[in-house]
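What follows is one structure encoded as C-alpha cells, with my remarks underneath.
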Amino acid sequence: MSKESYKERMEKTINSLQNDLKGIRTGRANASILDGIKVEAYGSNMPLKQVGNVSTPDAKTIMIQPFDKSLIGDIEKAILKSDLGFNPFNEAGNIRIVVPELTKERREELKKGVRHRGEEAKISIRNIRRDENDKIKKELKDKNITEDESKNQEKKIQNETDSFIKKIDELIGAKEKELDTI
C-alpha cells in the first residue's frame with residue numbers, strides 16, 4: 001500500500017457521509033431522498049431510478065413517472081415500506097409524493113441521526129489513522145525508517161486526520177442548519 005492510500009480511504013469516508021446526508025429529508029422535495037428505495041420488479045430488487053423517472057416539479061412535490069405503468073403498485077409499495085414517512089398518490093399513471101412539513105420532534109430525531117452518522121464517520125477516520133500509525137511503528141521497529149521520519153509521518157497523518165474531522169463537523173453543522181431553517 002502506498003503512503004497516500006490512507007488519504008483516499010479518508011476521502012471515501014467523507015464521500016460516503018455526504019451521500020448519507022443527501023438521503024435525509026429536510027421538508028423540501030429532493031429527488032435524491034428516494035435514492036435508497038428498491039422496487040421489487042421483474043423478479044429482482046431494482047433502484048427506483050431504474051424503473052421510473054424521478055423529478056421535483058416544485059419545492060413540496062416529488063413526481064415519479066414509471067417506465068412501465070404496470071409497476072405503479074410495486075413502486076407505491078416500496079415507498080410506503082421505506083421509513084421516509086411519505087404517502088404516494090397514483091395520479092394518471094404517475095406517482096405524486098407531497099413532502100410534508102417536518103414536525104419539531106421529527107427535526108430533532110433527524111438531527112440526532114445526522115450527528116450519529118457524523119460520529120461514525122469520525123470513528124472510521126480515526127481507525128484509518130490508527131492503521132497508518134501501526135504501519136509506521138512496524139517500519140520503525142524493522143529499522144526501515146528513522147525515529148525522526150516516524151515522528152514526521154505520524155504528525156502528517158494527525159494533521160490529515162484533524163482536517164478530515166473538521167470537514168465532517170462542517171458537513172454535520174450544515175445539515176443540522178438545513179434541518180432547522182425549513
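Residues are named by chain letter and number: chains run A, B, ... in the order of the C-alpha cells, numbers start at 1 in each chain, and ligands are numbered from 1 in the order shown.
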
Name the residues in contact with A:Ile95 at a cut-off of 7 Å, using only C-alpha atoms, excluding same-chain residues fewer than 5 positions from it; report them as a list in words.
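My list of contacting residues is Met63, Ile64, Gln65, Pro88, Phe89 and Asn90 of chain A.
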
For the residues in that selection, give me N, CA and C atoms as a compact mmCIF listing (two decimals), in the first residue's frame.
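Produced file result.txt, reproduced below:
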# COMPACT_ATOMS: atom_id res chain seq x y z
N MET A 63 -42.28 13.80 -8.18
CA MET A 63 -43.09 13.11 -9.17
C MET A 63 -42.27 11.94 -9.73
N ILE A 64 -42.92 10.77 -9.83
CA ILE A 64 -42.26 9.60 -10.39
C ILE A 64 -43.08 9.15 -11.60
N GLN A 65 -42.41 9.07 -12.75
CA GLN A 65 -43.06 8.59 -13.97
C GLN A 65 -42.48 7.21 -14.26
N PRO A 88 -47.56 8.05 -1.12
CA PRO A 88 -47.62 8.25 -2.58
C PRO A 88 -49.05 8.23 -3.10
N PHE A 89 -49.34 9.05 -4.11
CA PHE A 89 -50.66 9.08 -4.75
C PHE A 89 -50.48 8.70 -6.22
N ASN A 90 -51.34 7.80 -6.70
CA ASN A 90 -51.35 7.44 -8.11
C ASN A 90 -52.18 8.49 -8.83

As a PyMOL selection string, please: the residues near stretch 130-141 of chain A (cut-off 8 Å, only C-alpha atoms, same-chain neighbours under 6 positions excluded).
chain A and resi 6+147+150+153-154+157

Run DSSP on the backbone and tell me which residues of stretch 59-125 of chain A come out as helix (DSSP H, G or I); list them as a ChimeraX atom specification.
/A:69-81,104-125

Calculate how many Å separate atom CA of A:Arg107 from atom CA of A:Thr61, rounding to one decimal.
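Taking atom CA of A:Arg107 as the start and atom CA of A:Thr61 as the end point, the length is 19.1 Å.
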
Listing only residues of stretch 23-142 of chain A within 9 Å of stretch 161-171 of chain A, what is the closest atom pair and its distance in Å (to one decimal) for each, using only C-alpha atoms, sorted by chain and residue number ascending, as a Markdown table?
| residue | atom | partner | partner_atom | distance |
| --- | --- | --- | --- | --- |
| A:Gly118 | CA | A:Ile168 | CA | 6.3 |
| A:Glu119 | CA | A:Ile168 | CA | 8.6 |
| A:Ala121 | CA | A:Ile168 | CA | 7.4 |
| A:Lys122 | CA | A:Ile165 | CA | 6.0 |
| A:Ile125 | CA | A:Thr161 | CA | 6.6 |
| A:Arg126 | CA | A:Thr161 | CA | 7.0 |
| A:Ile128 | CA | A:Thr161 | CA | 8.7 |
| A:Arg129 | CA | A:Thr161 | CA | 6.7 |

I'd like the neighbourhood of A:Val99 as a PyMOL selection string, where a residue qualifies if any of its atoms comes within 7 Å (using only C-alpha atoms), though same-chain residues fewer than 3 positions away should be ignored.
chain A and resi 27-29+60-61+86
